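For reference, the structure is listed below as structure tokens.
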Amino acid sequence: QVQLVESGGGLVQPGGSLRLSCAASGRELSSYSMAWFRQGPGKEREPVARISWSSMTDYADSVKGRFTVSRDNTKKTVYLQMNSLKPDDTAVYSCNASPTWGTALWSWGQGTQVTVSS
């Protein structure tokens with residue numbers, strides 16, 4: 001059974017940066033496309049970034065140019081570098097295997113809270 005553990009969230013001022021990590025145990029990631037999702041207060045969960053098994057990337061329009069998704073299969077870890085953060089980026093961020101944009105394959109981890117506020 002796959003277990004996903006997200007980390008790296010916190011409180012940051014507008015314009016700041018954070019780097020999130022998603023570590024997987026119980027399965028190799030190399031053959032899976034992975035994605036980051038977020039759920040803001042009172043909102044539905046939405047995809048923000050996806051990296052295919054071949055490292056092709058895709059982003060939601062709202063984060064394009066500010067967020068960068070990457071992966072290290074040897075560490076079974078997926079990263080999300082978030083720059084120029086805005087208050088609207090405030091959410092719980094989670095990762096999952098994602099065969100296509102917006103889909104999730106495994107059970108969710110606990111996520112990591114990102115709060116952007118002055």
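Ligands are numbered from 1 in the order shown, chains are lettered A, B, ... in the order of the structure tokens, and residues start at 1 in each chain.
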
Pick out the residues sitting within 10 Å of region 62-79 of chain A, and hand them over as a PDB file with all heavy atoms, in the first residue's frame; count only C-alpha atoms, and ignore anything fewer than 5 positions along from it in its own chain.
```
ATOM      1  N   LEU A   4       1.675   8.411   1.200  1.00  0.00           N
ATOM      2  CA  LEU A   4       2.199   9.690   0.743  1.00  0.00           C
ATOM      3  C   LEU A   4       2.318  10.636   1.934  1.00  0.00           C
ATOM      4  O   LEU A   4       1.369  10.785   2.705  1.00  0.00           O
ATOM      5  CB  LEU A   4       1.278  10.299  -0.309  1.00  0.00           C
ATOM      6  CG  LEU A   4       1.079   9.468  -1.581  1.00  0.00           C
ATOM      7  CD1 LEU A   4      -0.079  10.011  -2.400  1.00  0.00           C
ATOM      8  CD2 LEU A   4       2.353   9.474  -2.407  1.00  0.00           C
ATOM      9  N   VAL A   5       3.486  11.257   2.070  1.00  0.00           N
ATOM     10  CA  VAL A   5       3.719  12.181   3.165  1.00  0.00           C
ATOM     11  C   VAL A   5       4.220  13.507   2.593  1.00  0.00           C
ATOM     12  O   VAL A   5       5.309  13.577   2.027  1.00  0.00           O
ATOM     13  CB  VAL A   5       4.745  11.621   4.169  1.00  0.00           C
ATOM     14  CG1 VAL A   5       4.985  12.628   5.293  1.00  0.00           C
ATOM     15  CG2 VAL A   5       4.254  10.294   4.748  1.00  0.00           C
ATOM     16  N   GLU A   6       3.406  14.533   2.744  1.00  0.00           N
ATOM     17  CA  GLU A   6       3.744  15.867   2.269  1.00  0.00           C
ATOM     18  C   GLU A   6       4.354  16.690   3.398  1.00  0.00           C
ATOM     19  O   GLU A   6       3.956  16.539   4.566  1.00  0.00           O
ATOM     20  CB  GLU A   6       2.506  16.575   1.724  1.00  0.00           C
ATOM     21  CG  GLU A   6       1.848  15.882   0.552  1.00  0.00           C
ATOM     22  CD  GLU A   6       0.768  14.875   0.953  1.00  0.00           C
ATOM     23  OE1 GLU A   6       0.665  14.552   2.160  1.00  0.00           O
ATOM     24  OE2 GLU A   6       0.021  14.418   0.077  1.00  0.00           O
ATOM     25  N   SER A   7       5.281  17.572   3.039  1.00  0.00           N
ATOM     26  CA  SER A   7       5.928  18.433   4.028  1.00  0.00           C
ATOM     27  C   SER A   7       6.413  19.706   3.357  1.00  0.00           C
ATOM     28  O   SER A   7       6.413  19.805   2.121  1.00  0.00           O
ATOM     29  CB  SER A   7       7.103  17.706   4.691  1.00  0.00           C
ATOM     30  OG  SER A   7       8.079  17.369   3.726  1.00  0.00           O
ATOM     31  N   GLY A   8       6.813  20.662   4.181  1.00  0.00           N
ATOM     32  CA  GLY A   8       7.393  21.888   3.664  1.00  0.00           C
ATOM     33  C   GLY A   8       6.493  23.103   3.710  1.00  0.00           C
ATOM     34  O   GLY A   8       6.910  24.200   3.348  1.00  0.00           O
ATOM     35  N   SER A  17       8.536  32.473  -0.948  1.00  0.00           N
ATOM     36  CA  SER A  17       8.698  31.174  -1.602  1.00  0.00           C
ATOM     37  C   SER A  17       8.640  30.043  -0.583  1.00  0.00           C
ATOM     38  O   SER A  17       8.986  30.231   0.597  1.00  0.00           O
ATOM     39  CB  SER A  17      10.049  31.113  -2.322  1.00  0.00           C
ATOM     40  OG  SER A  17      10.131  32.072  -3.341  1.00  0.00           O
ATOM     41  N   LEU A  18       8.212  28.904  -1.059  1.00  0.00           N
ATOM     42  CA  LEU A  18       8.255  27.667  -0.277  1.00  0.00           C
ATOM     43  C   LEU A  18       8.565  26.517  -1.230  1.00  0.00           C
ATOM     44  O   LEU A  18       8.229  26.576  -2.421  1.00  0.00           O
ATOM     45  CB  LEU A  18       6.917  27.388   0.415  1.00  0.00           C
ATOM     46  CG  LEU A  18       6.552  28.183   1.658  1.00  0.00           C
ATOM     47  CD1 LEU A  18       5.121  27.872   2.079  1.00  0.00           C
ATOM     48  CD2 LEU A  18       7.517  27.895   2.793  1.00  0.00           C
ATOM     49  N   ARG A  19       9.148  25.474  -0.667  1.00  0.00           N
ATOM     50  CA  ARG A  19       9.378  24.257  -1.436  1.00  0.00           C
ATOM     51  C   ARG A  19       8.713  23.092  -0.701  1.00  0.00           C
ATOM     52  O   ARG A  19       9.091  22.770   0.426  1.00  0.00           O
ATOM     53  CB  ARG A  19      10.871  23.969  -1.595  1.00  0.00           C
ATOM     54  CG  ARG A  19      11.158  22.811  -2.558  1.00  0.00           C
ATOM     55  CD  ARG A  19      12.595  22.362  -2.454  1.00  0.00           C
ATOM     56  NE  ARG A  19      12.985  21.504  -3.567  1.00  0.00           N
ATOM     57  CZ  ARG A  19      13.957  20.605  -3.485  1.00  0.00           C
ATOM     58  NH1 ARG A  19      14.643  20.452  -2.364  1.00  0.00           N
ATOM     59  NH2 ARG A  19      14.277  19.872  -4.535  1.00  0.00           N
ATOM     60  N   LEU A  20       7.744  22.492  -1.357  1.00  0.00           N
ATOM     61  CA  LEU A  20       7.036  21.353  -0.794  1.00  0.00           C
ATOM     62  C   LEU A  20       7.662  20.051  -1.273  1.00  0.00           C
ATOM     63  O   LEU A  20       8.177  19.966  -2.391  1.00  0.00           O
ATOM     64  CB  LEU A  20       5.564  21.386  -1.191  1.00  0.00           C
ATOM     65  CG  LEU A  20       4.792  22.673  -0.909  1.00  0.00           C
ATOM     66  CD1 LEU A  20       3.326  22.488  -1.290  1.00  0.00           C
ATOM     67  CD2 LEU A  20       4.937  23.101   0.532  1.00  0.00           C
ATOM     68  N   SER A  21       7.575  19.043  -0.414  1.00  0.00           N
ATOM     69  CA  SER A  21       8.056  17.709  -0.762  1.00  0.00           C
ATOM     70  C   SER A  21       6.938  16.699  -0.547  1.00  0.00           C
ATOM     71  O   SER A  21       6.122  16.849   0.368  1.00  0.00           O
ATOM     72  CB  SER A  21       9.251  17.320   0.102  1.00  0.00           C
ATOM     73  OG  SER A  21      10.342  18.186  -0.101  1.00  0.00           O
ATOM     74  N   CYS A  22       6.936  15.679  -1.367  1.00  0.00           N
ATOM     75  CA  CYS A  22       5.981  14.578  -1.233  1.00  0.00           C
ATOM     76  C   CYS A  22       6.777  13.290  -1.330  1.00  0.00           C
ATOM     77  O   CYS A  22       7.290  12.961  -2.398  1.00  0.00           O
ATOM     78  CB  CYS A  22       4.932  14.657  -2.321  1.00  0.00           C
ATOM     79  SG  CYS A  22       3.890  13.187  -2.446  1.00  0.00           S
ATOM     80  N   ALA A  23       6.862  12.588  -0.224  1.00  0.00           N
ATOM     81  CA  ALA A  23       7.614  11.336  -0.179  1.00  0.00           C
ATOM     82  C   ALA A  23       6.658  10.159  -0.204  1.00  0.00           C
ATOM     83  O   ALA A  23       5.660  10.135   0.527  1.00  0.00           O
ATOM     84  CB  ALA A  23       8.472  11.289   1.078  1.00  0.00           C
ATOM     85  N   ALA A  24       6.974   9.195  -1.041  1.00  0.00           N
ATOM     86  CA  ALA A  24       6.127   8.011  -1.166  1.00  0.00           C
ATOM     87  C   ALA A  24       6.841   6.797  -0.602  1.00  0.00           C
ATOM     88  O   ALA A  24       8.046   6.638  -0.771  1.00  0.00           O
ATOM     89  CB  ALA A  24       5.778   7.769  -2.625  1.00  0.00           C
ATOM     90  N   SER A  25       6.099   5.962   0.061  1.00  0.00           N
ATOM     91  CA  SER A  25       6.636   4.697   0.537  1.00  0.00           C
ATOM     92  C   SER A  25       5.725   3.576   0.065  1.00  0.00           C
ATOM     93  O   SER A  25       4.534   3.788  -0.138  1.00  0.00           O
ATOM     94  CB  SER A  25       6.731   4.683   2.066  1.00  0.00           C
ATOM     95  OG  SER A  25       5.456   4.839   2.650  1.00  0.00           O
ATOM     96  N   GLY A  26       6.309   2.442  -0.151  1.00  0.00           N
ATOM     97  CA  GLY A  26       5.521   1.288  -0.545  1.00  0.00           C
ATOM     98  C   GLY A  26       5.433   1.051  -2.035  1.00  0.00           C
ATOM     99  O   GLY A  26       4.864   0.049  -2.467  1.00  0.00           O
ATOM    100  N   ARG A  27       5.976   1.992  -2.821  1.00  0.00           N
ATOM    101  CA  ARG A  27       5.918   1.806  -4.274  1.00  0.00           C
ATOM    102  C   ARG A  27       6.938   2.697  -4.960  1.00  0.00           C
ATOM    103  O   ARG A  27       7.190   3.815  -4.519  1.00  0.00           O
ATOM    104  CB  ARG A  27       4.524   2.125  -4.796  1.00  0.00           C
ATOM    105  CG  ARG A  27       4.313   1.763  -6.253  1.00  0.00           C
ATOM    106  CD  ARG A  27       2.851   1.692  -6.601  1.00  0.00           C
ATOM    107  NE  ARG A  27       2.150   0.671  -5.839  1.00  0.00           N
ATOM    108  CZ  ARG A  27       0.864   0.365  -6.027  1.00  0.00           C
ATOM    109  NH1 ARG A  27       0.176   0.995  -6.949  1.00  0.00           N
ATOM    110  NH2 ARG A  27       0.283  -0.548  -5.294  1.00  0.00           N
ATOM    111  N   GLU A  28       7.483   2.203  -6.039  1.00  0.00           N
ATOM    112  CA  GLU A  28       8.353   3.035  -6.860  1.00  0.00           C
ATOM    113  C   GLU A  28       7.518   4.041  -7.631  1.00  0.00           C
ATOM    114  O   GLU A  28       6.417   3.739  -8.085  1.00  0.00           O
ATOM    115  CB  GLU A  28       9.129   2.151  -7.848  1.00  0.00           C
ATOM    116  CG  GLU A  28      10.084   1.167  -7.199  1.00  0.00           C
ATOM    117  CD  GLU A  28      11.221   1.852  -6.470  1.00  0.00           C
ATOM    118  OE1 GLU A  28      11.624   2.946  -6.912  1.00  0.00           O
ATOM    119  OE2 GLU A  28      11.707   1.300  -5.454  1.00  0.00           O
ATOM    120  N   LEU A  29       8.050   5.240  -7.803  1.00  0.00           N
ATOM    121  CA  LEU A  29       7.302   6.298  -8.491  1.00  0.00           C
ATOM    122  C   LEU A  29       7.633   6.406  -9.969  1.00  0.00           C
ATOM    123  O   LEU A  29       6.912   7.080 -10.707  1.00  0.00           O
ATOM    124  CB  LEU A  29       7.585   7.648  -7.835  1.00  0.00           C
ATOM    125  CG  LEU A  29       7.087   7.862  -6.411  1.00  0.00           C
ATOM    126  CD1 LEU A  29       7.331   9.311  -6.012  1.00  0.00           C
ATOM    127  CD2 LEU A  29       5.627   7.494  -6.273  1.00  0.00           C
ATOM    128  N   SER A  30       8.697   5.757 -10.405  1.00  0.00           N
ATOM    129  CA  SER A  30       9.245   6.035 -11.724  1.00  0.00           C
ATOM    130  C   SER A  30       8.259   5.815 -12.865  1.00  0.00           C
ATOM    131  O   SER A  30       8.351   6.457 -13.904  1.00  0.00           O
ATOM    132  CB  SER A  30      10.502   5.202 -11.953  1.00  0.00           C
ATOM    133  OG  SER A  30      10.206   3.819 -11.800  1.00  0.00           O
ATOM    134  N   SER A  31       7.302   4.934 -12.692  1.00  0.00           N
ATOM    135  CA  SER A  31       6.368   4.644 -13.787  1.00  0.00           C
ATOM    136  C   SER A  31       5.051   5.403 -13.654  1.00  0.00           C
ATOM    137  O   SER A  31       4.130   5.177 -14.447  1.00  0.00           O
ATOM    138  CB  SER A  31       6.091   3.142 -13.859  1.00  0.00           C
ATOM    139  OG  SER A  31       5.534   2.682 -12.650  1.00  0.00           O
ATOM    140  N   TYR A  32       4.981   6.311 -12.690  1.00  0.00           N
ATOM    141  CA  TYR A  32       3.739   7.045 -12.450  1.00  0.00           C
ATOM    142  C   TYR A  32       3.897   8.528 -12.755  1.00  0.00           C
ATOM    143  O   TYR A  32       4.921   9.131 -12.412  1.00  0.00           O
ATOM    144  CB  TYR A  32       3.295   6.891 -10.997  1.00  0.00           C
ATOM    145  CG  TYR A  32       2.840   5.499 -10.645  1.00  0.00           C
ATOM    146  CD1 TYR A  32       3.727   4.593 -10.088  1.00  0.00           C
ATOM    147  CD2 TYR A  32       1.536   5.097 -10.872  1.00  0.00           C
ATOM    148  CE1 TYR A  32       3.325   3.316  -9.768  1.00  0.00           C
ATOM    149  CE2 TYR A  32       1.120   3.815 -10.548  1.00  0.00           C
ATOM    150  CZ  TYR A  32       2.024   2.923 -10.008  1.00  0.00           C
ATOM    151  OH  TYR A  32       1.608   1.652  -9.685  1.00  0.00           O
ATOM    152  N   SER A  33       2.882   9.104 -13.364  1.00  0.00           N
ATOM    153  CA  SER A  33       2.778  10.553 -13.405  1.00  0.00           C
ATOM    154  C   SER A  33       2.259  11.005 -12.048  1.00  0.00           C
ATOM    155  O   SER A  33       1.368  10.369 -11.476  1.00  0.00           O
ATOM    156  CB  SER A  33       1.815  10.982 -14.512  1.00  0.00           C
ATOM    157  OG  SER A  33       2.320  10.600 -15.768  1.00  0.00           O
ATOM    158  N   MET A  34       2.805  12.085 -11.552  1.00  0.00           N
ATOM    159  CA  MET A  34       2.451  12.582 -10.228  1.00  0.00           C
ATOM    160  C   MET A  34       1.964  14.012 -10.326  1.00  0.00           C
ATOM    161  O   MET A  34       2.363  14.759 -11.220  1.00  0.00           O
ATOM    162  CB  MET A  34       3.673  12.527  -9.300  1.00  0.00           C
ATOM    163  CG  MET A  34       4.244  11.133  -9.081  1.00  0.00           C
ATOM    164  SD  MET A  34       3.132  10.046  -8.180  1.00  0.00           S
ATOM    165  CE  MET A  34       3.083  10.859  -6.575  1.00  0.00           C
ATOM    166  N   ALA A  35       1.106  14.385  -9.393  1.00  0.00           N
ATOM    167  CA  ALA A  35       0.550  15.736  -9.424  1.00  0.00           C
ATOM    168  C   ALA A  35       0.414  16.295  -8.028  1.00  0.00           C
ATOM    169  O   ALA A  35       0.283  15.557  -7.054  1.00  0.00           O
ATOM    170  CB  ALA A  35      -0.810  15.731 -10.123  1.00  0.00           C
ATOM    171  N   TRP A  36       0.452  17.604  -7.972  1.00  0.00           N
ATOM    172  CA  TRP A  36       0.124  18.342  -6.763  1.00  0.00           C
ATOM    173  C   TRP A  36      -1.285  18.911  -6.909  1.00  0.00           C
ATOM    174  O   TRP A  36      -1.629  19.447  -7.968  1.00  0.00           O
ATOM    175  CB  TRP A  36       1.110  19.471  -6.531  1.00  0.00           C
ATOM    176  CG  TRP A  36       2.421  19.020  -5.992  1.00  0.00           C
ATOM    177  CD1 TRP A  36       3.548  18.729  -6.708  1.00  0.00           C
ATOM    178  CD2 TRP A  36       2.751  18.798  -4.620  1.00  0.00           C
ATOM    179  NE1 TRP A  36       4.553  18.330  -5.858  1.00  0.00           N
ATOM    180  CE2 TRP A  36       4.085  18.378  -4.567  1.00  0.00           C
ATOM    181  CE3 TRP A  36       2.045  18.928  -3.411  1.00  0.00           C
ATOM    182  CZ2 TRP A  36       4.740  18.076  -3.373  1.00  0.00           C
ATOM    183  CZ3 TRP A  36       2.690  18.631  -2.223  1.00  0.00           C
ATOM    184  CH2 TRP A  36       4.025  18.215  -2.205  1.00  0.00           C
ATOM    185  N   VAL A  48      -2.861  21.583  -9.430  1.00  0.00           N
ATOM    186  CA  VAL A  48      -2.071  22.774  -9.716  1.00  0.00           C
ATOM    187  C   VAL A  48      -0.857  22.473 -10.581  1.00  0.00           C
ATOM    188  O   VAL A  48      -0.423  23.321 -11.349  1.00  0.00           O
ATOM    189  CB  VAL A  48      -1.615  23.490  -8.432  1.00  0.00           C
ATOM    190  CG1 VAL A  48      -2.793  24.062  -7.690  1.00  0.00           C
ATOM    191  CG2 VAL A  48      -0.816  22.575  -7.525  1.00  0.00           C
ATOM    192  N   ALA A  49      -0.301  21.261 -10.483  1.00  0.00           N
ATOM    193  CA  ALA A  49       0.884  20.932 -11.263  1.00  0.00           C
ATOM    194  C   ALA A  49       0.981  19.419 -11.417  1.00  0.00           C
ATOM    195  O   ALA A  49       0.601  18.677 -10.513  1.00  0.00           O
ATOM    196  CB  ALA A  49       2.143  21.453 -10.584  1.00  0.00           C
ATOM    197  N   ARG A  50       1.479  19.015 -12.562  1.00  0.00           N
ATOM    198  CA  ARG A  50       1.598  17.593 -12.840  1.00  0.00           C
ATOM    199  C   ARG A  50       2.905  17.342 -13.575  1.00  0.00           C
ATOM    200  O   ARG A  50       3.315  18.134 -14.424  1.00  0.00           O
ATOM    201  CB  ARG A  50       0.413  17.106 -13.680  1.00  0.00           C
ATOM    202  CG  ARG A  50       0.420  15.632 -14.032  1.00  0.00           C
ATOM    203  CD  ARG A  50      -0.871  15.276 -14.782  1.00  0.00           C
ATOM    204  NE  ARG A  50      -0.890  13.889 -15.231  1.00  0.00           N
ATOM    205  CZ  ARG A  50      -0.405  13.478 -16.403  1.00  0.00           C
ATOM    206  NH1 ARG A  50       0.144  14.344 -17.223  1.00  0.00           N
ATOM    207  NH2 ARG A  50      -0.471  12.201 -16.727  1.00  0.00           N
ATOM    208  N   ILE A  51       3.559  16.220 -13.227  1.00  0.00           N
ATOM    209  CA  ILE A  51       4.784  15.817 -13.909  1.00  0.00           C
ATOM    210  C   ILE A  51       4.623  14.372 -14.342  1.00  0.00           C
ATOM    211  O   ILE A  51       4.316  13.508 -13.527  1.00  0.00           O
ATOM    212  CB  ILE A  51       6.029  16.033 -13.022  1.00  0.00           C
ATOM    213  CG1 ILE A  51       7.313  15.675 -13.777  1.00  0.00           C
ATOM    214  CG2 ILE A  51       5.933  15.283 -11.695  1.00  0.00           C
ATOM    215  CD1 ILE A  51       8.571  16.205 -13.106  1.00  0.00           C
ATOM    216  N   SER A  52       4.794  14.137 -15.619  1.00  0.00           N
ATOM    217  CA  SER A  52       4.598  12.788 -16.142  1.00  0.00           C
ATOM    218  C   SER A  52       5.763  11.875 -15.759  1.00  0.00           C
ATOM    219  O   SER A  52       6.786  12.326 -15.246  1.00  0.00           O
ATOM    220  CB  SER A  52       4.447  12.830 -17.656  1.00  0.00           C
ATOM    221  OG  SER A  52       5.712  13.093 -18.256  1.00  0.00           O
ATOM    222  N   TRP A  53       5.595  10.604 -16.037  1.00  0.00           N
ATOM    223  CA  TRP A  53       6.660   9.640 -15.735  1.00  0.00           C
ATOM    224  C   TRP A  53       7.917   9.990 -16.520  1.00  0.00           C
ATOM    225  O   TRP A  53       9.028   9.661 -16.093  1.00  0.00           O
ATOM    226  CB  TRP A  53       6.197   8.222 -16.057  1.00  0.00           C
ATOM    227  CG  TRP A  53       5.833   8.019 -17.490  1.00  0.00           C
ATOM    228  CD1 TRP A  53       4.615   8.193 -18.067  1.00  0.00           C
ATOM    229  CD2 TRP A  53       6.722   7.637 -18.549  1.00  0.00           C
ATOM    230  NE1 TRP A  53       4.682   7.938 -19.402  1.00  0.00           N
ATOM    231  CE2 TRP A  53       5.955   7.591 -19.735  1.00  0.00           C
ATOM    232  CE3 TRP A  53       8.081   7.312 -18.609  1.00  0.00           C
ATOM    233  CZ2 TRP A  53       6.511   7.248 -20.944  1.00  0.00           C
ATOM    234  CZ3 TRP A  53       8.628   6.959 -19.827  1.00  0.00           C
ATOM    235  CH2 TRP A  53       7.837   6.936 -20.977  1.00  0.00           C
ATOM    236  N   SER A  55       8.794  13.106 -17.106  1.00  0.00           N
ATOM    237  CA  SER A  55       9.155  14.449 -16.630  1.00  0.00           C
ATOM    238  C   SER A  55       8.625  15.588 -17.487  1.00  0.00           C
ATOM    239  O   SER A  55       9.141  16.703 -17.411  1.00  0.00           O
ATOM    240  CB  SER A  55      10.663  14.581 -16.437  1.00  0.00           C
ATOM    241  OG  SER A  55      11.097  13.739 -15.385  1.00  0.00           O
ATOM    242  N   MET A  56       7.587  15.336 -18.259  1.00  0.00           N
ATOM    243  CA  MET A  56       6.875  16.458 -18.893  1.00  0.00           C
ATOM    244  C   MET A  56       5.981  17.094 -17.840  1.00  0.00           C
ATOM    245  O   MET A  56       5.367  16.404 -17.033  1.00  0.00           O
ATOM    246  CB  MET A  56       6.057  15.965 -20.073  1.00  0.00           C
ATOM    247  CG  MET A  56       6.892  15.456 -21.232  1.00  0.00           C
ATOM    248  SD  MET A  56       5.878  14.956 -22.627  1.00  0.00           S
ATOM    249  CE  MET A  56       5.147  16.522 -23.074  1.00  0.00           C
ATOM    250  N   THR A  57       5.906  18.425 -17.862  1.00  0.00           N
ATOM    251  CA  THR A  57       5.164  19.136 -16.822  1.00  0.00           C
ATOM    252  C   THR A  57       3.975  19.897 -17.381  1.00  0.00           C
ATOM    253  O   THR A  57       3.951  20.283 -18.565  1.00  0.00           O
ATOM    254  CB  THR A  57       6.084  20.103 -16.073  1.00  0.00           C
ATOM    255  OG1 THR A  57       6.650  21.034 -17.002  1.00  0.00           O
ATOM    256  CG2 THR A  57       7.201  19.357 -15.358  1.00  0.00           C
ATOM    257  N   SER A  84       6.813  33.670  -5.673  1.00  0.00           N
ATOM    258  CA  SER A  84       5.867  34.784  -5.834  1.00  0.00           C
ATOM    259  C   SER A  84       4.491  34.416  -5.288  1.00  0.00           C
ATOM    260  O   SER A  84       3.462  34.610  -5.947  1.00  0.00           O
ATOM    261  CB  SER A  84       5.766  35.182  -7.314  1.00  0.00           C
ATOM    262  OG  SER A  84       7.023  35.525  -7.831  1.00  0.00           O
ATOM    263  N   LEU A  85       4.474  33.883  -4.106  1.00  0.00           N
ATOM    264  CA  LEU A  85       3.220  33.402  -3.525  1.00  0.00           C
ATOM    265  C   LEU A  85       2.239  34.532  -3.272  1.00  0.00           C
ATOM    266  O   LEU A  85       2.631  35.661  -2.928  1.00  0.00           O
ATOM    267  CB  LEU A  85       3.508  32.644  -2.238  1.00  0.00           C
ATOM    268  CG  LEU A  85       4.052  31.219  -2.467  1.00  0.00           C
ATOM    269  CD1 LEU A  85       4.728  30.688  -1.209  1.00  0.00           C
ATOM    270  CD2 LEU A  85       2.932  30.290  -2.908  1.00  0.00           C
ATOM    271  N   LYS A  86       0.967  34.200  -3.439  1.00  0.00           N
ATOM    272  CA  LYS A  86      -0.131  35.149  -3.271  1.00  0.00           C
ATOM    273  C   LYS A  86      -1.075  34.624  -2.184  1.00  0.00           C
ATOM    274  O   LYS A  86      -1.148  33.418  -1.949  1.00  0.00           O
ATOM    275  CB  LYS A  86      -0.900  35.288  -4.582  1.00  0.00           C
ATOM    276  CG  LYS A  86      -0.065  35.663  -5.777  1.00  0.00           C
ATOM    277  CD  LYS A  86      -0.907  35.653  -7.035  1.00  0.00           C
ATOM    278  CE  LYS A  86      -0.092  35.993  -8.269  1.00  0.00           C
ATOM    279  NZ  LYS A  86      -0.915  35.983  -9.512  1.00  0.00           N
ATOM    280  N   ASP A  88      -4.103  34.051  -2.432  1.00  0.00           N
ATOM    281  CA  ASP A  88      -4.981  33.048  -3.047  1.00  0.00           C
ATOM    282  C   ASP A  88      -4.351  31.667  -3.125  1.00  0.00           C
ATOM    283  O   ASP A  88      -5.042  30.686  -3.418  1.00  0.00           O
ATOM    284  CB  ASP A  88      -5.387  33.490  -4.461  1.00  0.00           C
ATOM    285  CG  ASP A  88      -6.472  34.555  -4.445  1.00  0.00           C
ATOM    286  OD1 ASP A  88      -7.044  34.803  -3.354  1.00  0.00           O
ATOM    287  OD2 ASP A  88      -6.745  35.140  -5.508  1.00  0.00           O
ATOM    288  N   ASP A  89      -3.053  31.572  -2.890  1.00  0.00           N
ATOM    289  CA  ASP A  89      -2.387  30.269  -2.876  1.00  0.00           C
ATOM    290  C   ASP A  89      -2.568  29.549  -1.546  1.00  0.00           C
ATOM    291  O   ASP A  89      -2.156  28.395  -1.417  1.00  0.00           O
ATOM    292  CB  ASP A  89      -0.893  30.439  -3.162  1.00  0.00           C
ATOM    293  CG  ASP A  89      -0.609  30.967  -4.555  1.00  0.00           C
ATOM    294  OD1 ASP A  89      -1.287  30.537  -5.507  1.00  0.00           O
ATOM    295  OD2 ASP A  89       0.291  31.826  -4.692  1.00  0.00           O
ATOM    296  N   CYS A  95      -0.241  15.604  -2.706  1.00  0.00           N
ATOM    297  CA  CYS A  95       0.211  15.013  -3.967  1.00  0.00           C
ATOM    298  C   CYS A  95      -0.442  13.653  -4.154  1.00  0.00           C
ATOM    299  O   CYS A  95      -0.977  13.057  -3.212  1.00  0.00           O
ATOM    300  CB  CYS A  95       1.729  14.881  -3.995  1.00  0.00           C
ATOM    301  SG  CYS A  95       2.368  13.632  -2.880  1.00  0.00           S
ATOM    302  N   ASN A  96      -0.404  13.178  -5.384  1.00  0.00           N
ATOM    303  CA  ASN A  96      -0.975  11.875  -5.687  1.00  0.00           C
ATOM    304  C   ASN A  96      -0.482  11.425  -7.052  1.00  0.00           C
ATOM    305  O   ASN A  96      -0.058  12.254  -7.873  1.00  0.00           O
ATOM    306  CB  ASN A  96      -2.507  11.950  -5.672  1.00  0.00           C
ATOM    307  CG  ASN A  96      -3.165  10.657  -5.232  1.00  0.00           C
ATOM    308  OD1 ASN A  96      -2.843   9.593  -5.741  1.00  0.00           O
ATOM    309  ND2 ASN A  96      -4.064  10.749  -4.273  1.00  0.00           N
TER     310      ASN A  96
END
```

inquiry  = Could you list, as a list in words, every residue within 8 Å of region 41-43 of chain A, counting only C-alpha atoms and ignoring same-chain residues fewer than 2 positions away?
reply    = Gln39, Arg45, Thr90 and Ala91 of chain A

request  = Report the residues of chain A whose backbone DSSP state falls under strand (DSSP E or B), written as a PyMOL selection string.
outcome  = chain A and resi 3-7+10-12+18-25+34-39+46-51+57-59+67-72+77-82+91-97+112-116

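Taking CA of Trp108 (chain A) and CA of Ser94 (chain A) as endpoints, the distance between them is 7.3 Å.
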
key: chain A: residues DSSP assigns to helix (DSSP H, G or I), reported as number ranges by chain   = A: 73-75, 87-89

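Between CA of Pro99 (chain A) and CA of Phe37 (chain A) the separation is 13.5 Å.
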
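Counting only C-alpha atoms and comparing A:Val2, A:Tyr59, A:Pro14, A:Gly40, the residue that lies closest to Trp101 (chain A) is A:Tyr59.
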
inquiry  = If we count only C-alpha atoms and set the cut-off at 8 Å, which residues sit around Pro87 (chain A), ignoring sequence neighbours fewer than 4 positions away in its own chain? Please answer as number ranges by chain.
reply    = A: 14, 115-117
